Structures are given as C-alpha cells and as structure tokens.
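With PDB, C-alpha atoms inside, this is upload-v1.pdb:
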ATOM      1  CA  MET A 888     -61.124  -0.823 -48.265
ATOM      2  CA  VAL A 889     -61.625   1.271 -51.393
ATOM      3  CA  LYS A 890     -61.926  -0.691 -54.649
ATOM      4  CA  LEU A 891     -61.572   1.203 -57.928
ATOM      5  CA  ASN A 892     -63.051  -0.454 -60.998
ATOM      6  CA  THR A 893     -62.062   2.338 -63.346
ATOM      7  CA  LEU A 894     -58.943   4.405 -63.676
ATOM      8  CA  ASN A 895     -59.566   7.222 -66.096
ATOM      9  CA  SER A 896     -56.902   9.665 -64.953
ATOM     10  CA  LEU A 897     -53.351   9.390 -66.222
ATOM     11  CA  LEU A 898     -51.334   8.368 -63.200
ATOM     12  CA  ALA A 899     -50.123   5.750 -63.383
ATOM     13  CA  GLY A 900     -32.315 -12.480 -49.779
ATOM     14  CA  THR A 901     -32.381 -14.078 -53.197
ATOM     15  CA  LEU A 902     -29.773 -14.581 -55.898
ATOM     16  CA  PHE A 903     -29.979 -14.363 -59.652
ATOM     17  CA  ILE A 904     -27.373 -14.445 -62.389
ATOM     18  CA  PRO A 905     -27.707 -11.366 -64.645
ATOM     19  CA  VAL A 906     -26.652 -11.590 -68.262
ATOM     20  CA  ALA A 907     -25.263  -8.390 -69.804
ATOM     21  CA  VAL A 908     -26.097  -8.062 -73.503
ATOM     22  CA  LEU A 909     -25.415  -5.362 -76.079
ATOM     23  CA  ALA A 910     -28.525  -3.435 -77.039
ATOM     24  CA  THR A 911     -29.252  -2.533 -80.646
ATOM     25  CA  ASP A 912     -29.356   1.166 -79.815
ATOM     26  CA  ALA A 913     -28.955   4.284 -81.861
ATOM     27  CA  HIS A 914     -27.515   6.391 -79.034
ATOM     28  CA  THR A 915     -24.187   4.603 -78.786
ATOM     29  CA  THR A 916     -23.046   1.026 -79.286
ATOM     30  CA  ALA A 917     -21.319   1.195 -75.902
ATOM     31  CA  ASN A 918     -24.658   1.213 -74.079
ATOM     32  CA  LYS A 919     -25.668  -2.051 -72.428
ATOM     33  CA  ILE A 920     -28.782  -3.476 -70.897
ATOM     34  CA  LYS A 921     -29.223  -6.413 -68.571
ATOM     35  CA  VAL A 922     -31.615  -9.278 -69.175
ATOM     36  CA  VAL A 923     -32.642 -11.710 -66.435
ATOM     37  CA  SER A 924     -34.699 -14.678 -67.600
ATOM     38  CA  THR A 925     -36.975 -16.663 -65.306
ATOM     39  CA  GLU A 926     -34.758 -19.718 -65.770
ATOM     40  CA  GLN A 927     -31.875 -17.905 -64.045
ATOM     41  CA  ILE A 928     -33.716 -17.036 -60.837
ATOM     42  CA  GLU A 929     -33.227 -18.804 -57.513
ATOM     43  CA  TRP A 930     -36.185 -18.634 -55.148
ATOM     44  CA  GLY A 931     -36.354 -18.024 -51.401
ATOM     45  CA  TYR A 932     -39.165 -17.281 -48.940
ATOM     46  CA  LEU A 933     -41.102 -14.012 -48.879
ATOM     47  CA  ASN A 934     -41.546 -14.363 -45.115
ATOM     48  CA  PRO A 935     -38.684 -16.579 -43.864
ATOM     49  CA  ALA A 936     -40.227 -16.749 -40.380
ATOM     50  CA  ARG A 937     -43.067 -18.909 -41.769
ATOM     51  CA  GLY A 938     -40.781 -21.295 -43.650
ATOM     52  CA  ASP A 939     -42.544 -23.436 -46.253
ATOM     53  CA  LYS A 940     -45.898 -21.879 -45.298
ATOM     54  CA  SER A 941     -44.663 -18.643 -46.855
ATOM     55  CA  PRO A 942     -44.952 -17.779 -50.552
ATOM     56  CA  ARG A 943     -41.755 -18.141 -52.557
ATOM     57  CA  ALA A 944     -39.994 -14.933 -53.634
ATOM     58  CA  ALA A 945     -37.129 -13.807 -55.868
ATOM     59  CA  ASN A 946     -35.599 -10.348 -56.222
ATOM     60  CA  LEU A 947     -35.443  -9.119 -59.816
ATOM     61  CA  TRP A 948     -33.732  -5.875 -58.846
ATOM     62  CA  GLY A 949     -32.763  -4.351 -55.518
ATOM     63  CA  ASP A 950     -32.795  -6.222 -52.213
ATOM     64  CA  ARG A 951     -36.045  -6.505 -50.284
ATOM     65  CA  THR A 952     -34.099  -6.974 -47.017
ATOM     66  CA  GLY A 953     -32.267  -3.670 -47.548
ATOM     67  CA  SER A 954     -33.275  -0.021 -47.448
ATOM     68  CA  GLY A 955     -33.693   0.686 -51.162
ATOM     69  CA  ALA A 956     -36.381   0.183 -53.786
ATOM     70  CA  THR A 957     -36.949  -3.396 -54.960
ATOM     71  CA  GLY A 958     -38.890  -5.338 -57.570
ATOM     72  CA  MET A 959     -39.532  -9.019 -56.924
ATOM     73  CA  LEU A 960     -41.479 -12.043 -58.106
ATOM     74  CA  VAL A 961     -43.735 -13.874 -55.642
ATOM     75  CA  ARG A 962     -45.243 -17.341 -56.131
ATOM     76  CA  PHE A 963     -48.289 -18.636 -54.236
ATOM     77  CA  GLU A 964     -49.362 -22.245 -53.874
ATOM     78  CA  PRO A 965     -52.922 -23.179 -55.007
ATOM     79  CA  GLY A 966     -55.431 -22.296 -52.295
ATOM     80  CA  PHE A 967     -52.973 -20.107 -50.384
ATOM     81  CA  SER A 968     -54.496 -17.604 -47.983
ATOM     82  CA  SER A 969     -52.397 -15.540 -45.621
ATOM     83  CA  PRO A 970     -53.393 -14.731 -42.057
ATOM     84  CA  PRO A 971     -54.354 -11.082 -41.518
ATOM     85  CA  HIS A 972     -51.202  -8.947 -41.375
ATOM     86  CA  ILE A 973     -49.660  -5.590 -42.227
ATOM     87  CA  HIS A 974     -46.479  -4.418 -43.919
ATOM     88  CA  ASN A 975     -44.122  -1.699 -42.777
ATOM     89  CA  VAL A 976     -43.937  -0.294 -46.336
ATOM     90  CA  SER A 977     -46.432   0.223 -49.148
ATOM     91  CA  TYR A 978     -46.236  -1.931 -52.254
ATOM     92  CA  ARG A 979     -47.634  -2.315 -55.758
ATOM     93  CA  GLY A 980     -48.632  -5.672 -57.215
ATOM     94  CA  ILE A 981     -49.299  -6.921 -60.747
ATOM     95  CA  VAL A 982     -50.701 -10.395 -61.381
ATOM     96  CA  ILE A 983     -48.534 -12.348 -63.807
ATOM     97  CA  GLU A 984     -50.237 -15.731 -63.580
ATOM     98  CA  GLY A 985     -53.235 -17.188 -61.791
ATOM     99  CA  SER A 986     -55.903 -15.484 -59.711
ATOM    100  CA  LEU A 987     -55.197 -13.246 -56.693
ATOM    101  CA  HIS A 988     -57.293 -11.555 -54.007
ATOM    102  CA  ASN A 989     -55.894  -8.786 -51.782
ATOM    103  CA  ASP A 990     -58.186  -6.921 -49.420
ATOM    104  CA  ASP A 991     -59.138  -6.398 -45.811
ATOM    105  CA  PRO A 992     -59.892  -9.634 -43.937
ATOM    106  CA  THR A 993     -63.699  -9.284 -44.034
ATOM    107  CA  ALA A 994     -64.039  -8.237 -47.690
ATOM    108  CA  LYS A 995     -65.759 -10.407 -50.262
ATOM    109  CA  ALA A 996     -63.201 -12.048 -52.563
ATOM    110  CA  MET A 997     -62.459 -10.203 -55.807
ATOM    111  CA  TRP A 998     -60.264 -12.506 -57.873
ATOM    112  CA  MET A 999     -57.859 -10.581 -60.090
ATOM    113  CA  PRO A1000     -56.480 -12.303 -63.226
ATOM    114  CA  SER A1001     -53.213 -11.743 -65.078
ATOM    115  CA  GLY A1002     -52.577  -8.071 -65.833
ATOM    116  CA  SER A1003     -54.538  -6.793 -62.830
ATOM    117  CA  PHE A1004     -52.936  -4.140 -60.613
ATOM    118  CA  TRP A1005     -53.278  -3.279 -56.935
ATOM    119  CA  THR A1006     -51.635  -1.191 -54.219
ATOM    120  CA  GLN A1007     -51.283  -2.082 -50.551
ATOM    121  CA  PRO A1008     -50.658   0.835 -48.167
ATOM    122  CA  ALA A1009     -48.226   0.391 -45.300
ATOM    123  CA  GLY A1010     -49.890  -0.352 -41.983
ATOM    124  CA  GLU A1011     -53.259  -1.508 -43.371
ATOM    125  CA  ASP A1012     -54.607  -4.861 -42.191
ATOM    126  CA  HIS A1013     -55.268  -7.256 -45.091
ATOM    127  CA  ILE A1014     -55.043 -10.787 -46.417
ATOM    128  CA  THR A1015     -53.702 -12.146 -49.704
ATOM    129  CA  SER A1016     -55.135 -15.283 -51.321
ATOM    130  CA  ALA A1017     -54.477 -17.292 -54.478
ATOM    131  CA  ASN A1018     -57.042 -19.371 -56.354
ATOM    132  CA  ALA A1019     -55.412 -21.069 -59.361
ATOM    133  CA  PRO A1020     -53.131 -24.071 -59.977
ATOM    134  CA  ALA A1021     -50.210 -21.647 -60.543
ATOM    135  CA  ASN A1022     -50.039 -18.101 -59.152
ATOM    136  CA  MET A1023     -47.284 -15.508 -59.567
ATOM    137  CA  ILE A1024     -47.111 -11.738 -59.140
ATOM    138  CA  TYR A1025     -44.632  -8.920 -59.571
ATOM    139  CA  LEU A1026     -44.331  -6.881 -56.349
ATOM    140  CA  GLU A1027     -42.601  -3.500 -56.121
ATOM    141  CA  ILE A1028     -41.605  -1.326 -53.155
ATOM    142  CA  ASP A1029     -40.079   2.186 -53.183
ATOM    143  CA  SER A1030     -38.067   1.614 -50.009
ATOM    144  CA  GLY A1031     -37.246  -1.307 -47.761
ATOM    145  CA  PRO A1032     -36.864  -3.495 -45.959
ATOM    146  CA  TYR A1033     -40.063  -5.384 -46.791
ATOM    147  CA  LEU A1034     -41.403  -6.805 -43.511
ATOM    148  CA  VAL A1035     -44.524  -8.678 -42.421
ATOM    149  CA  LYS A1036     -45.966  -7.621 -39.054
ATOM    150  CA  PRO A1037     -49.015  -8.619 -36.969
ATOM    151  CA  SER A1038     -52.384  -6.927 -37.400
ATOM    152  CA  ALA A1039     -52.164  -5.540 -33.859
ATOM    153  CA  GLN A1040     -49.544  -3.080 -35.141
ATOM    154  CA  GLN A1041     -51.780  -1.641 -37.890
ATOM    155  CA  PHE A1042     -51.724   2.106 -38.583
ATOM    156  CA  ASP A1043     -53.096   4.580 -41.134
ATOM    157  CA  ASN A1044     -50.388   6.112 -43.321
ATOM    158  CA  GLY A1045     -52.870   8.277 -45.242
ATOM    159  CA  GLU A1046     -52.816   6.203 -48.456
ATOM    160  CA  ARG A1047     -55.831   4.369 -49.811
ATOM    161  CA  PRO A1048     -55.598   1.044 -51.656
ATOM    162  CA  VAL A1049     -56.477   0.386 -55.276
ATOM    163  CA  ASN A1050     -57.752  -2.925 -56.701
ATOM    164  CA  LEU A1051     -57.887  -2.680 -60.479
ATOM    165  CA  HIS A1052     -59.151  -5.691 -62.424
ATOM    166  CA  TYR A1053     -57.484  -6.166 -65.823
ATOM    167  CA  SER A1054     -60.824  -5.808 -67.629
ATOM    168  CA  ASN A1055     -61.197  -2.283 -66.217
ATOM    169  CA  LEU A1056     -57.873  -0.842 -67.370
ATOM    170  CA  THR A1057     -58.063   2.257 -69.574
ATOM    171  CA  TRP A1058     -55.895   1.887 -72.691
ATOM    172  CA  LEU A1059     -54.255   4.585 -74.821
ATOM    173  CA  ASP A1060     -53.125   4.085 -78.423
ATOM    174  CA  GLN A1061     -51.199   6.124 -80.988
ATOM    175  CA  SER A1062     -54.173   8.469 -81.404
ATOM    176  CA  THR A1063     -54.155   9.368 -77.701
ATOM    177  CA  SER A1064     -50.473   9.040 -76.711
ATOM    178  CA  THR A1065     -47.400  10.492 -78.408
ATOM    179  CA  GLN A1066     -45.323   7.692 -76.838
ATOM    180  CA  LEU A1067     -46.885   5.068 -79.138
ATOM    181  CA  VAL A1068     -46.340   4.684 -82.883
ATOM    182  CA  GLY A1069     -47.977   1.776 -84.704
ATOM    183  CA  ASN A1070     -51.358   0.086 -84.970
ATOM    184  CA  GLY A1071     -52.238  -2.178 -82.073
ATOM    185  CA  ILE A1072     -49.690  -0.850 -79.539
ATOM    186  CA  GLU A1073     -51.503   0.236 -76.367
ATOM    187  CA  MET A1074     -50.561   1.617 -72.962
ATOM    188  CA  ALA A1075     -52.334   1.790 -69.592
ATOM    189  CA  ASN A1076     -51.036   4.264 -67.002
ATOM    190  CA  LEU A1077     -50.936   2.712 -63.516
ATOM    191  CA  TRP A1078     -49.120   5.115 -61.195
ATOM    192  CA  GLN A1079     -46.870   8.171 -61.038
ATOM    193  CA  LYS A1080     -44.633   9.435 -58.225
ATOM    194  CA  ASP A1081     -42.454  12.454 -58.942
ATOM    195  CA  SER A1082     -40.446  11.592 -62.089
ATOM    196  CA  LEU A1083     -41.093   7.855 -61.803
ATOM    197  CA  SER A1084     -44.095   6.186 -63.389
ATOM    198  CA  GLY A1085     -45.356   2.695 -64.108
ATOM    199  CA  VAL A1086     -47.385   1.579 -67.134
ATOM    200  CA  LEU A1087     -48.571  -1.589 -68.815
ATOM    201  CA  LEU A1088     -47.606  -1.855 -72.474
ATOM    202  CA  ARG A1089     -49.752  -4.162 -74.625
ATOM    203  CA  LEU A1090     -48.254  -5.314 -77.918
ATOM    204  CA  PRO A1091     -50.168  -7.087 -80.701
ATOM    205  CA  ALA A1092     -49.135 -10.421 -82.203
ATOM    206  CA  ASN A1093     -46.662 -10.486 -85.092
ATOM    207  CA  ILE A1094     -44.967  -7.219 -84.220
ATOM    208  CA  LYS A1095     -41.432  -5.953 -84.655
ATOM    209  CA  MET A1096     -40.724  -2.823 -82.656
ATOM    210  CA  THR A1097     -38.171  -0.491 -81.132
ATOM    211  CA  LEU A1098     -38.498   0.529 -77.498
ATOM    212  CA  SER A1099     -36.570   3.757 -76.834
ATOM    213  CA  SER A1100     -35.768   5.019 -73.340
ATOM    214  CA  GLU A1101     -34.343   8.475 -72.656
ATOM    215  CA  GLY A1102     -34.085   8.096 -68.877
ATOM    216  CA  THR A1103     -31.536   6.846 -66.373
ATOM    217  CA  GLU A1104     -33.918   4.221 -65.014
ATOM    218  CA  PHE A1105     -35.715   1.793 -67.284
ATOM    219  CA  LYS A1106     -37.104  -1.454 -65.929
ATOM    220  CA  ALA A1107     -39.449  -3.824 -67.777
ATOM    221  CA  VAL A1108     -41.024  -7.051 -66.500
ATOM    222  CA  MET A1109     -42.774  -9.557 -68.750
ATOM    223  CA  ILE A1110     -46.367 -10.101 -67.575
ATOM    224  CA  GLN A1111     -47.922 -12.120 -70.420
ATOM    225  CA  GLY A1112     -46.755 -13.849 -73.576
ATOM    226  CA  GLN A1113     -43.302 -14.329 -75.073
ATOM    227  CA  LEU A1114     -41.109 -11.487 -76.298
ATOM    228  CA  ASN A1115     -37.953 -11.853 -78.377
ATOM    229  CA  PHE A1116     -35.111  -9.527 -77.478
ATOM    230  CA  GLU A1117     -33.317  -8.916 -80.768
ATOM    231  CA  ARG A1118     -29.609  -8.174 -80.971
ATOM    232  CA  GLU A1119     -27.048  -8.472 -83.719
ATOM    233  CA  ASN A1120     -26.868 -12.087 -84.935
ATOM    234  CA  ALA A1121     -28.867 -13.406 -81.955
ATOM    235  CA  ARG A1122     -32.166 -13.291 -80.119
ATOM    236  CA  GLN A1123     -33.233 -14.145 -76.570
ATOM    237  CA  MET A1124     -36.758 -15.288 -75.769
ATOM    238  CA  LEU A1125     -38.268 -13.712 -72.676
ATOM    239  CA  HIS A1126     -41.072 -15.524 -70.843
ATOM    240  CA  ALA A1127     -43.424 -14.195 -68.171
ATOM    241  CA  GLY A1128     -41.386 -13.027 -65.179
ATOM    242  CA  SER A1129     -38.294 -12.134 -67.217
ATOM    243  CA  PHE A1130     -36.735  -8.730 -66.616
ATOM    244  CA  VAL A1131     -34.907  -6.079 -68.681
ATOM    245  CA  THR A1132     -33.137  -3.006 -67.292
ATOM    246  CA  ALA A1133     -31.083  -0.070 -68.563
ATOM    247  CA  HIS A1134     -29.579   2.910 -66.736
ATOM    248  CA  GLN A1135     -28.880   5.226 -69.648
ATOM    249  CA  PRO A1136     -30.633   6.207 -72.900
ATOM    250  CA  VAL A1137     -30.943   3.184 -75.156
ATOM    251  CA  ASP A1138     -32.949   1.759 -78.064
ATOM    252  CA  MET A1139     -33.996  -1.894 -77.856
ATOM    253  CA  SER A1140     -35.391  -4.093 -80.611
ATOM    254  CA  PHE A1141     -38.080  -6.666 -79.864
ATOM    255  CA  SER A1142     -40.414  -8.967 -81.771
ATOM    256  CA  ALA A1143     -43.385 -11.088 -80.756
ATOM    257  CA  ASP A1144     -45.465 -13.785 -82.426
ATOM    258  CA  GLN A1145     -48.292 -13.456 -79.885
ATOM    259  CA  GLN A1146     -49.867 -10.678 -77.812
ATOM    260  CA  VAL A1147     -47.528  -9.454 -75.084
ATOM    261  CA  LEU A1148     -48.111  -7.534 -71.861
ATOM    262  CA  LEU A1149     -45.096  -5.716 -70.427
ATOM    263  CA  TYR A1150     -44.817  -3.660 -67.234
ATOM    264  CA  VAL A1151     -42.503  -0.661 -67.673
ATOM    265  CA  ARG A1152     -41.101   1.529 -64.875
ATOM    266  CA  THR A1153     -39.176   4.634 -66.009
ATOM    267  CA  ASN A1154     -38.048   8.069 -64.829
ATOM    268  CA  ALA A1155     -38.493   9.625 -68.291
ATOM    269  CA  ALA A1156     -40.850   9.204 -71.200
ATOM    270  CA  PHE A1157     -40.186   6.207 -73.440
ATOM    271  CA  LYS A1158     -41.389   5.524 -76.973
ATOM    272  CA  ALA A1159     -42.711   2.260 -78.457
ATOM    273  CA  MET A1160     -42.508   2.265 -82.266
ATOM    274  CA  ALA A1161     -43.577  -0.535 -84.593
ATOM    275  CA  GLU A1162     -41.319  -1.201 -87.603
TER     276      GLU A1162
END
Take the structure in the file and write it out as structure tokens.
Amino acid sequence: MVKLNTLNSLLAGTLFIPVAVLATDAHTTANKIKVVSTEQIEWGYLNPARGDKSPRAANLWGDRTGSGATGMLVRFEPGFSSPPHIHNVSYRGIVIEGSLHNDDPTAKAMWMPSGSFWTQPAGEDHITSANAPANMIYLEIDSGPYLVKPSAQQFDNGERPVNLHYSNLTWLDQSTSTQLVGNGIEMANLWQKDSLSGVLLRLPANIKMTLSSEGTEFKAVMIQGQLNFERENARQMLHAGSFVTAHQPVDMSFSADQQVLLYVRTNAAFKAMAE
C-alpha cells in the first residue's frame, strides 16, 4: 500500500430528521439550507451481516444501500479491528474523533488522529482498526451501494490509496488562496474529481464569518470544535458530526469561540470571509 505523508499538489439504511432553516444569504431570502445535528441521527450497522460486531453507521446524505453518492458517519468501538476484506466501491474517510488505522493486513499500524484523511480503492484487501475510547469517522462514496466482500474477491481497479496524517496536511491562507479572506482562515485541498472537490476548512477561535457558495451542491460536515450557525434572531450550535447542505447559491453566517475544522464538498468555488 502507498502511504503519502505530504500532499503538496492542489487536488483535493438509516434515518435522520432534517431541519430546514432559513439562511442569512444575500442572493435571495427564499434560499434555504438544511442542518442535521448529531443529536437527530439514528444509528444502524455498517455491515448488517455482522450484527453487533459491525461498526455503527448513519447516513448524513444519500443512501449507502442505493446506487447514488452518500456521506455517512461511522462509529468504532475501542479496540475494534476488522477482518481483512474489500469493498465494491472506493471511499474517502476523514477521522472526526479517536485514532484510526486503515491499510493492508500486513502493514505496520499508522494511527491517524482527528482531521486525518484517507482513500480506500475498490477491490483492495485491507483492515480498519480503532485505538481510542471513542472513534468516529466521516465516510464518503461517489456511487453505491456500499458493500463489504471477502478478501478472496479482491481486484485492482487502478487506483492507489492515500493515508494522510493530519500533521502532514498542506494549508493555504488568504495570501495563497483567493477563496479565503481574513487572518487565521486556512484551507487544505484533499481531492478533486471533475467539478467536485473536497477540502478541510480550518477556522480560528473567536471568529465571525460568512461562507458563500455559488454551486448547486454544497455539503459541510463538522470535524472538530463547535460552530454556531447564525440566522435572524436565533443560532444553532453544531457539534462534531453535524451536517449542513445547500443546493443553490447561498450565503451562510457562522461564529465560533474555539478553533473549528470543517469538511466542505462543493461543485463550485466557495468563499470564506471573516467579518
């Protein structure tokens, strides 16, 4: 398995109850976004065939049992280690909480903390392990269904995996990215595929900001910290694992008292601007 410790190029079922809220946007007051907080999510099994030996999972968007793209949360018990296996589709993973290892079965453990990013190609034999009292990741697929299959069915789909420890991310700021305006706002490009891309956005403590999206797909998942979604006469606190989505151009107002890490998936450039 290929492990990358630097990334210098710019690349980048389960029920929940969504809450529709009016965004504070400059495009039109009719625009809406959806916010799903972690408290609203109901959990199932990632691999139902293994029952309570399987990690817990919850769809944030899409349906991992269907044919479309999906983003989900996955929880691992302390000391969890999967048997060697493959998946029928490739996926991306971001550690939200705890310490995760994902590699081929004979590889030496590389424990990835919160904010770390990896990719798992379809068909490649691997294991996944967790090594903290609480472990949770965000997992994303571009097409489904998401299936677990035995190692005997492994194949090479031409992709190569990436394991990127959080300490080795390459960060851009307002001097190196036109998408960022304001001291302390940083961005790390993770992946890009056609018009879609995924980045980590790091916000400093004590910030008030506007996040503007011009695309028809905007999805953001809280990775670290607490972020306040600001709307007229109200605010909603978003904890790690919470999710925000919009399907049309919109401006959103946020504030944070502590450093925040946010994963953003879009099909057009967005702008993060401090007030």
Item to complete: Compile the contact shell of range 1048-1050 of chain A as an MDAnalysis selection string: residues with an atom at most 12 Å away, counting only C-alpha atoms, same-chain residues fewer than 5 positions apart removed.
Response: chainID A and resid 888:894 899 977:982 987:991 996:1000 1002:1013 1043 1055:1056 1077:1078
Worksheet item: Quick one: of A:Ser1054, A:Ile1024, A:Glu1117, A:Val1147, who's nearest to Asn1093 in chain A, counting all atoms listed in the file?
Response: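 Result for the nearest residue to Asn1093 in chain A: A:Val1147.
Near (-31.6, -3.6, -67.7), the residues inside the 7 Å limit, counting only C-alpha atoms, come to Ile920, Lys921, Val922, Phe1105, Lys1106, Val1131, Thr1132, Ala1133 and His1134 of chain A.
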Dump as a short mmCIF file (atom, residue, chain, number, x, y, z; two decimals), in the frame of the given file, selection limited to C-alpha atoms:
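Heads up, here's the output in again_23.cif:
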data_model
loop_
_atom_site.label_atom_id
_atom_site.label_comp_id
_atom_site.auth_asym_id
_atom_site.auth_seq_id
_atom_site.Cartn_x
_atom_site.Cartn_y
_atom_site.Cartn_z
CA ILE A 920 -28.78 -3.48 -70.90
CA LYS A 921 -29.22 -6.41 -68.57
CA VAL A 922 -31.62 -9.28 -69.18
CA PHE A 1105 -35.72 1.79 -67.28
CA LYS A 1106 -37.10 -1.45 -65.93
CA VAL A 1131 -34.91 -6.08 -68.68
CA THR A 1132 -33.14 -3.01 -67.29
CA ALA A 1133 -31.08 -0.07 -68.56
CA HIS A 1134 -29.58 2.91 -66.74
#
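Using all atoms listed in the file, the smallest distance between any of A:Gly1102, A:Pro942, A:Pro1091, A:Gly949 and Ser1142 in chain A comes from A:Pro1091.
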Worksheet entry | Selection under test: the PyMOL selection byres ((chain A and resi 1127-1129) around 9); residues as a list in words | Val922, Val923, Ser924, Thr925, Glu926, Leu947, Leu960, Ile983, Glu984, Met1023, Ile1024, Tyr1025, Ala1107, Val1108, Met1109, Ile1110, Gln1111, Gly1112, Gln1113, Leu1114, Leu1125, His1126, Phe1130, Val1131, Leu1148 and Leu1149 of chain A
Practice prompt. Spell out the residues picked by the PyMOL selection byres ((chain A and resi 1159) around 6) here, as number ranges by chain.
Written response: A: 1067, 1097-1098, 1158, 1160
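Atom pair CA of Ser1062 in chain A / CA of Met1139 in chain A: separated by 23.0 Å.
Using all atoms listed in the file, the nearest neighbour of His1052 in chain A within the list A:Ser1001, A:Lys940, A:Thr957, A:Ile928 is A:Ser1001.
Straight-line separation from CA of Lys995 in chain A to CA of Ser969 in chain A: 15.0 Å.
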Worksheet item: CA of Asn1154 in chain A and CA of Tyr1053 in chain A are how many Å apart?
Response: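 A separation of 24.1 Å between them.
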Centre and size of axis-aligned box enclosing range 1129-1142 of chain A plus 6 Å each side, as AutoDock Vina command-line options:
--center_x -34.6 --center_y -3.0 --center_z -74.2 --size_x 23.5 --size_y 30.3 --size_z 27.2
Worksheet item: Can you list, as a count of residues only, the residues that the PyMOL selection byres ((chain A and resi 946) around 10) selects here?
Response: 25
Worksheet item: So, counting all atoms listed in the file, which residue among A:Ala1155, A:Val976, A:Ala1143, A:Val1137 is closest to Pro1032 in chain A?
Response: A:Val976
Discussion item. Around the point (-55.2, -8.4, -80.6) (coordinates from the file), which residues reach within 8 Å if we count all atoms listed in the file? Answer as a VMD selection string.
Written reply: chain A and resid 1071 1091 to 1092 1146
Practice prompt. Could you check which of A:Ile973, A:Met1096, A:Thr993, A:Gly985 is closest to Gln1040 in chain A, using all atoms listed in the file?
Written response: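 Of A:Ile973, A:Met1096, A:Thr993, A:Gly985, the one nearest Gln1040 in chain A is A:Ile973, counting all atoms listed in the file.
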Discussion item. My list of candidates is A:His972, A:Gln927, A:Ser1030, A:Thr1103. Which is closest to Ser1082 in chain A when distances are computed with all atoms listed in the file?
Written reply: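 Nearest to Ser1082 in chain A: A:Thr1103.
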